[in-house]
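*Asks:* Below is the structure I would like to discuss, written out as structure tokens.
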Amino acid sequence: MTTYRRRSLFGLALAFALPSLAQAQEPVTTGPNGEPATPAASVVLSDADIETLKAGGFTAAFAWHELYDWSSAVSRGAQDEFARLGIKVVAETNAGFDAARQTGDVETVLALKPSILISLPVDAEAGPATYGKVAAAGTKLVFIDNAAAGLTQGSDYVTTVTSDRAIIGARTAEAMDAALGGSGKIGYIFHDANFQVTNQRDQAFVWNIKNRFPGLEIVAEAGMADPARIEDIAHAMLTQNSEITGIYVPWTEPALGVLATLRQLGREDVKIVSIDLNEPAALDMAKGGSIAALVADEAYAIGVTAARAAALSLLDKKVDPLLVVGAGIVTKDNLAEGWRASLNTDPPQSVLDALK
């Protein structure tokens with residue numbers, strides 16, 4: 001069964017309603033309590049700060065929801081920055097997207113008394129149960145993507161580091177316009193769940209299509225609550241709306257299901273635009289297939305920023321509640337460069353071979 005690996009924190013209050021085609025104001029990225037976004041580049045450490053940290057004997061740990069391409073890049077960014085700051089990493093856990101297992105992981109990690117804990121929660125509603133003991137243990141907690149519910153920024157946790165979802169929405173719309181040559185009918189598949197990360201991205205895509213690209217028209221929309229049903233959703237959408245030449249999919253794993261449906265229907269004329277990188281999607285793009293563009297955030301930079309923010313908190317310095325990195329459009333023409341910019345590593349060899 002296909003799963004969304006960054007789908008933590010269902011149940012948070014949304015800054016946006018579930019996606020609809022009507023929204024008057026341009027979307028902006030905000031936190032679960034309306035916190036404004038601050039660019040990650042604003043988080044800096046002075047030479048004096050670094051010397052203090054190196055002399056402090058501080059340690060760090062990670063309690064991940066799951067480890068795969070994206071989260072591994074975040075982890076590498078944080079670990080590289082911790083090494084630069086003289087902070088020793090003492091543990092890294094992988095919950096396999098099991099909330100109960102993550103709670104146990106956090107308890108195990110806290111026994112090591114780390115100075116810092118970085119985590120992306122599996123289950124928001126388990127926030128106090130999973131993370132309530134972190135602050136009491138004297139550990140500085142930094143969240144990735146979204147903060148767990150029931151905790152207070154500034155006392156229970158330091159900050160949340162994520163991507164600028166409004167920028168991602170804008171980039172997906174720009175990529176769709178380029179893929180369709182400025183004119184076409186779009187099928188819009190949104191994440192039909194109470195999850196702020198995808199909701200904000202989806203809404204921003206719609207706003208940009210409606211307000212910036214008059215040659216594009218969304219002619220069909222469908223909510224996707226269960227990614228395992230994506231092929232049925234895509235089949236119904238394309239069968240009922242044969243004029244569609246572009247489809248927006250909220251992340252790459254279900255985009256692969258849409259790709260399979262296009263192949264079954266023989267619809268080589270339809271282009272897919274989605275979000276995040278993975279090998280099968282990149283391979284299709286490299287071969288000139290139906291996936292026209294993928295919008296990728298700066299995953300490695302998320303990790304670097306999380307480490308810096310945690311380090312600042314060790315020095316009792318103020319950290320803004322929501323820190324965001326940018327995102328770029330990745331196409332066949334810049335696939336290798338875009339992969340490196342996002343994940344700070346080379347694409348898989350299969351993708352490099354296809355690009356040749």
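Within each chain, counting starts at residue 1; across the structure tokens, chains are named A, B, ... in the order shown, with ligands numbered 1 upward in that order.
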Give me, as a tab-separated table, each residue of stretch 77-124 of chain A that comes within 12 Å of stretch 35-49 of chain A, together with its shortest interatomic pair and the distance in Å at one decimal, counting only C-alpha atoms, with rows ordered by chain and rising residue number.
*Replies:*
```
residue	atom	partner	partner_atom	distance
A:Glu81	CA	A:Leu45	CA	11.2
A:Arg84	CA	A:Leu45	CA	11.3
A:Leu85	CA	A:Asp49	CA	9.0
A:Gly86	CA	A:Asp49	CA	11.3
```
*Asks:* With only C-alpha atoms counted and 8 Å as the cut-off, give the residues of stretch 227-307 of chain A in contact with stretch 342-349 of chain A, each with its shortest interatomic distance in Å and the pair that gives it, as a tab-separated table.
*Replies:*
```
residue	atom	partner	partner_atom	distance
A:Glu279	CA	A:Pro348	CA	6.8
A:Ala296	CA	A:Ser342	CA	6.2
A:Asp297	CA	A:Ser342	CA	5.8
A:Glu298	CA	A:Ser342	CA	4.3
A:Ala299	CA	A:Ser342	CA	5.4
A:Tyr300	CA	A:Leu343	CA	5.4
A:Ala301	CA	A:Ser342	CA	7.9
```
*Asks:* Atom CA of A:Ile302 and atom CA of A:Val325, how far apart in Å?
*Replies:*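 Straight-line distance from atom CA of A:Val325 to atom CA of A:Ile302 works out to 6.5 Å.
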*Asks:* Give the strand (DSSP E or B) residues of stretch 152-337 of chain A, as assigned by DSSP on the backbone, as JSON, numbers by chain.
*Replies:* {"A": [153, 157, 159, 160, 161, 162, 163, 184, 185, 186, 187, 188, 189, 190, 191, 216, 217, 218, 219, 220, 221, 222, 223, 224, 246, 247, 248, 271, 272, 273, 274, 275, 291, 292, 293, 294, 295, 296, 297, 322, 323, 324, 325, 327, 328, 329, 330]}
*Asks:* Suppose we keep C-alpha atoms; can you now write the selection as a PDB file, in the first residue's frame?
*Replies:*
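The result, written out as selection_10.pdb:
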```pdb
ATOM      1  CA  GLN A 153       6.598  26.966  21.162  1.00  0.00           C
ATOM      2  CA  TYR A 157       9.910  23.180  21.781  1.00  0.00           C
ATOM      3  CA  THR A 159      10.817  25.927  16.492  1.00  0.00           C
ATOM      4  CA  THR A 160       9.511  24.124  13.417  1.00  0.00           C
ATOM      5  CA  VAL A 161      11.579  23.953  10.228  1.00  0.00           C
ATOM      6  CA  THR A 162       9.784  23.227   6.966  1.00  0.00           C
ATOM      7  CA  SER A 163       9.473  24.298   3.330  1.00  0.00           C
ATOM      8  CA  GLY A 184      -4.644  23.654 -21.382  1.00  0.00           C
ATOM      9  CA  LYS A 185      -7.204  21.889 -19.203  1.00  0.00           C
ATOM     10  CA  ILE A 186      -6.091  20.623 -15.819  1.00  0.00           C
ATOM     11  CA  GLY A 187      -7.159  17.819 -13.539  1.00  0.00           C
ATOM     12  CA  TYR A 188      -6.538  18.781  -9.912  1.00  0.00           C
ATOM     13  CA  ILE A 189      -6.072  15.996  -7.343  1.00  0.00           C
ATOM     14  CA  PHE A 190      -5.764  17.319  -3.785  1.00  0.00           C
ATOM     15  CA  HIS A 191      -4.979  15.709  -0.451  1.00  0.00           C
ATOM     16  CA  LEU A 216      -4.969  27.292 -17.874  1.00  0.00           C
ATOM     17  CA  GLU A 217      -8.291  26.018 -16.543  1.00  0.00           C
ATOM     18  CA  ILE A 218      -9.003  23.490 -13.810  1.00  0.00           C
ATOM     19  CA  VAL A 219     -11.851  21.422 -15.281  1.00  0.00           C
ATOM     20  CA  ALA A 220     -11.931  18.571 -12.753  1.00  0.00           C
ATOM     21  CA  GLU A 221     -10.978  18.146  -9.108  1.00  0.00           C
ATOM     22  CA  ALA A 222     -10.872  15.081  -6.889  1.00  0.00           C
ATOM     23  CA  GLY A 223      -9.885  14.559  -3.269  1.00  0.00           C
ATOM     24  CA  MET A 224      -7.473  11.785  -2.362  1.00  0.00           C
ATOM     25  CA  GLY A 246      -2.265  18.235 -17.346  1.00  0.00           C
ATOM     26  CA  ILE A 247      -2.716  16.701 -13.893  1.00  0.00           C
ATOM     27  CA  TYR A 248      -1.556  18.081 -10.544  1.00  0.00           C
ATOM     28  CA  LYS A 271       1.595  15.863 -18.399  1.00  0.00           C
ATOM     29  CA  ILE A 272       1.994  15.372 -14.638  1.00  0.00           C
ATOM     30  CA  VAL A 273       3.324  17.978 -12.218  1.00  0.00           C
ATOM     31  CA  SER A 274       3.956  16.905  -8.622  1.00  0.00           C
ATOM     32  CA  ILE A 275       6.066  17.577  -5.512  1.00  0.00           C
ATOM     33  CA  ILE A 291       6.088  13.486 -15.586  1.00  0.00           C
ATOM     34  CA  ALA A 292       7.004  16.962 -16.798  1.00  0.00           C
ATOM     35  CA  ALA A 293       8.197  18.548 -13.552  1.00  0.00           C
ATOM     36  CA  LEU A 294       8.705  17.924  -9.857  1.00  0.00           C
ATOM     37  CA  VAL A 295       8.940  20.753  -7.347  1.00  0.00           C
ATOM     38  CA  ALA A 296      11.516  19.959  -4.673  1.00  0.00           C
ATOM     39  CA  ASP A 297      12.247  21.752  -1.430  1.00  0.00           C
ATOM     40  CA  LEU A 322       8.403  28.785  11.933  1.00  0.00           C
ATOM     41  CA  LEU A 323      11.501  28.657   9.715  1.00  0.00           C
ATOM     42  CA  VAL A 324      11.133  27.916   6.003  1.00  0.00           C
ATOM     43  CA  VAL A 325      13.409  26.997   3.117  1.00  0.00           C
ATOM     44  CA  ALA A 327      11.908  25.198  -3.403  1.00  0.00           C
ATOM     45  CA  GLY A 328      12.720  24.882  -7.089  1.00  0.00           C
ATOM     46  CA  ILE A 329      11.272  23.370 -10.235  1.00  0.00           C
ATOM     47  CA  VAL A 330      13.061  20.221 -11.389  1.00  0.00           C
TER      48      VAL A 330
END
```
*Asks:* Which residue out of A:Ala336, A:Val109, A:Ala306, A:Val89 has the minimum interatomic distance to A:Leu277 when only C-alpha atoms are used?
*Replies:*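 Going through A:Ala336, A:Val109, A:Ala306, A:Val89 one by one, the smallest distance to A:Leu277 is for A:Ala336.
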*Asks:* May I have the residues within 12 Å of A:Ala311 as a PyMOL selection string, using only C-alpha atoms and disregarding those fewer than 5 positions away in the same chain?
*Replies:* chain A and resi 43-46+49-54+56-60+78+81-88+115-118+139-142+158-159+304-306+316-319
*Asks:* Could you tell me, as a ChimeraX atom specification, which residues of stretch 206-339 of chain A DSSP assigns to helix (DSSP H, G or I) when given the backbone?
*Replies:* /A:206-212,227-240,252-265,279-286,299-314,332-339
*Asks:* Using C-alpha atoms, can you write the selected residues to a file as a PDB file, in the first residue's frame?
*Replies:*
```pdb
ATOM      1  CA  VAL A 206      -5.049  26.612  -7.204  1.00  0.00           C
ATOM      2  CA  TRP A 207      -4.677  30.286  -6.369  1.00  0.00           C
ATOM      3  CA  ASN A 208      -1.740  30.679  -8.726  1.00  0.00           C
ATOM      4  CA  ILE A 209      -3.465  28.876 -11.580  1.00  0.00           C
ATOM      5  CA  LYS A 210      -6.574  31.025 -11.223  1.00  0.00           C
ATOM      6  CA  ASN A 211      -4.803  34.344 -10.728  1.00  0.00           C
ATOM      7  CA  ARG A 212      -1.611  34.130 -12.761  1.00  0.00           C
ATOM      8  CA  PRO A 227      -3.227   7.192  -1.793  1.00  0.00           C
ATOM      9  CA  ALA A 228      -3.859   3.515  -2.523  1.00  0.00           C
ATOM     10  CA  ARG A 229      -6.964   4.591  -4.492  1.00  0.00           C
ATOM     11  CA  ILE A 230      -5.120   7.018  -6.754  1.00  0.00           C
ATOM     12  CA  GLU A 231      -5.391   4.885  -9.904  1.00  0.00           C
ATOM     13  CA  ASP A 232      -9.184   4.678  -9.555  1.00  0.00           C
ATOM     14  CA  ILE A 233      -9.359   8.431  -8.975  1.00  0.00           C
ATOM     15  CA  ALA A 234      -7.181   9.206 -11.980  1.00  0.00           C
ATOM     16  CA  HIS A 235      -9.038   6.756 -14.235  1.00  0.00           C
ATOM     17  CA  ALA A 236     -12.411   8.273 -13.374  1.00  0.00           C
ATOM     18  CA  MET A 237     -11.120  11.813 -13.839  1.00  0.00           C
ATOM     19  CA  LEU A 238      -9.601  11.124 -17.246  1.00  0.00           C
ATOM     20  CA  THR A 239     -12.547   9.064 -18.475  1.00  0.00           C
ATOM     21  CA  GLN A 240     -15.034  11.791 -17.568  1.00  0.00           C
ATOM     22  CA  THR A 252       5.273  11.880  -6.074  1.00  0.00           C
ATOM     23  CA  GLU A 253       4.175   8.479  -4.758  1.00  0.00           C
ATOM     24  CA  PRO A 254       0.540   8.881  -5.896  1.00  0.00           C
ATOM     25  CA  ALA A 255       1.888  10.606  -9.014  1.00  0.00           C
ATOM     26  CA  LEU A 256       3.342   7.222  -9.949  1.00  0.00           C
ATOM     27  CA  GLY A 257      -0.181   5.780  -9.738  1.00  0.00           C
ATOM     28  CA  VAL A 258      -1.428   8.492 -12.081  1.00  0.00           C
ATOM     29  CA  LEU A 259       1.473   7.664 -14.393  1.00  0.00           C
ATOM     30  CA  ALA A 260       0.412   4.006 -14.434  1.00  0.00           C
ATOM     31  CA  THR A 261      -3.154   5.048 -15.323  1.00  0.00           C
ATOM     32  CA  LEU A 262      -1.954   7.227 -18.194  1.00  0.00           C
ATOM     33  CA  ARG A 263      -0.019   4.284 -19.586  1.00  0.00           C
ATOM     34  CA  GLN A 264      -3.044   2.010 -19.293  1.00  0.00           C
ATOM     35  CA  LEU A 265      -5.184   4.540 -21.155  1.00  0.00           C
ATOM     36  CA  GLU A 279      13.843   7.598  -8.325  1.00  0.00           C
ATOM     37  CA  PRO A 280      10.915   6.185 -10.368  1.00  0.00           C
ATOM     38  CA  ALA A 281       9.432   9.642 -11.038  1.00  0.00           C
ATOM     39  CA  ALA A 282      12.835  11.094 -11.909  1.00  0.00           C
ATOM     40  CA  LEU A 283      13.529   8.149 -14.203  1.00  0.00           C
ATOM     41  CA  ASP A 284      10.283   8.740 -16.126  1.00  0.00           C
ATOM     42  CA  MET A 285      11.156  12.423 -16.459  1.00  0.00           C
ATOM     43  CA  ALA A 286      14.690  11.656 -17.606  1.00  0.00           C
ATOM     44  CA  ALA A 299      15.647  19.132   2.216  1.00  0.00           C
ATOM     45  CA  TYR A 300      19.331  19.226   3.179  1.00  0.00           C
ATOM     46  CA  ALA A 301      18.960  22.899   4.132  1.00  0.00           C
ATOM     47  CA  ILE A 302      16.023  22.012   6.393  1.00  0.00           C
ATOM     48  CA  GLY A 303      18.399  19.817   8.393  1.00  0.00           C
ATOM     49  CA  VAL A 304      21.120  22.462   8.511  1.00  0.00           C
ATOM     50  CA  THR A 305      18.602  25.050   9.719  1.00  0.00           C
ATOM     51  CA  ALA A 306      17.175  22.715  12.373  1.00  0.00           C
ATOM     52  CA  ALA A 307      20.651  22.115  13.774  1.00  0.00           C
ATOM     53  CA  ARG A 308      21.461  25.832  13.836  1.00  0.00           C
ATOM     54  CA  ALA A 309      18.164  26.731  15.482  1.00  0.00           C
ATOM     55  CA  ALA A 310      18.686  24.089  18.163  1.00  0.00           C
ATOM     56  CA  ALA A 311      22.211  25.339  18.738  1.00  0.00           C
ATOM     57  CA  LEU A 312      20.987  28.921  19.168  1.00  0.00           C
ATOM     58  CA  SER A 313      18.493  27.737  21.760  1.00  0.00           C
ATOM     59  CA  LEU A 314      21.328  26.126  23.724  1.00  0.00           C
ATOM     60  CA  LYS A 332      14.574  16.884 -17.376  1.00  0.00           C
ATOM     61  CA  ASP A 333      16.800  19.816 -18.310  1.00  0.00           C
ATOM     62  CA  ASN A 334      18.044  20.424 -14.745  1.00  0.00           C
ATOM     63  CA  LEU A 335      17.302  17.079 -13.106  1.00  0.00           C
ATOM     64  CA  ALA A 336      20.785  16.325 -11.838  1.00  0.00           C
ATOM     65  CA  GLU A 337      21.330  19.874 -10.581  1.00  0.00           C
ATOM     66  CA  GLY A 338      17.889  20.013  -8.986  1.00  0.00           C
ATOM     67  CA  TRP A 339      18.405  16.682  -7.232  1.00  0.00           C
TER      68      TRP A 339
END
```
*Asks:* Enter the distance from atom CA of A:Ser290 to atom CA of A:Val270, in Å, rounded to one decimal.
*Replies:*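 Atom CA of A:Ser290 sits 6.4 Å away from atom CA of A:Val270.
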*Asks:* By how many Å are atom CA of A:Ala73 and atom CA of A:Ala124 apart?
*Replies:*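 These two atoms are separated by 22.7 Å.
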*Asks:* Considering only C-alpha atoms, state which residue in the set A:Ser119, A:Gln203, A:Thr108, A:Ser242 is at the smallest distance from A:Thr29.
*Replies:* A:Gln203
*Asks:* Which residue gives the smallest distance to A:Ala354 among A:Ala100, A:Gly326, A:Gly288, A:Thr331, with only C-alpha atoms counted?
*Replies:*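 Of all the options, A:Gly288 lies closest to A:Ala354.
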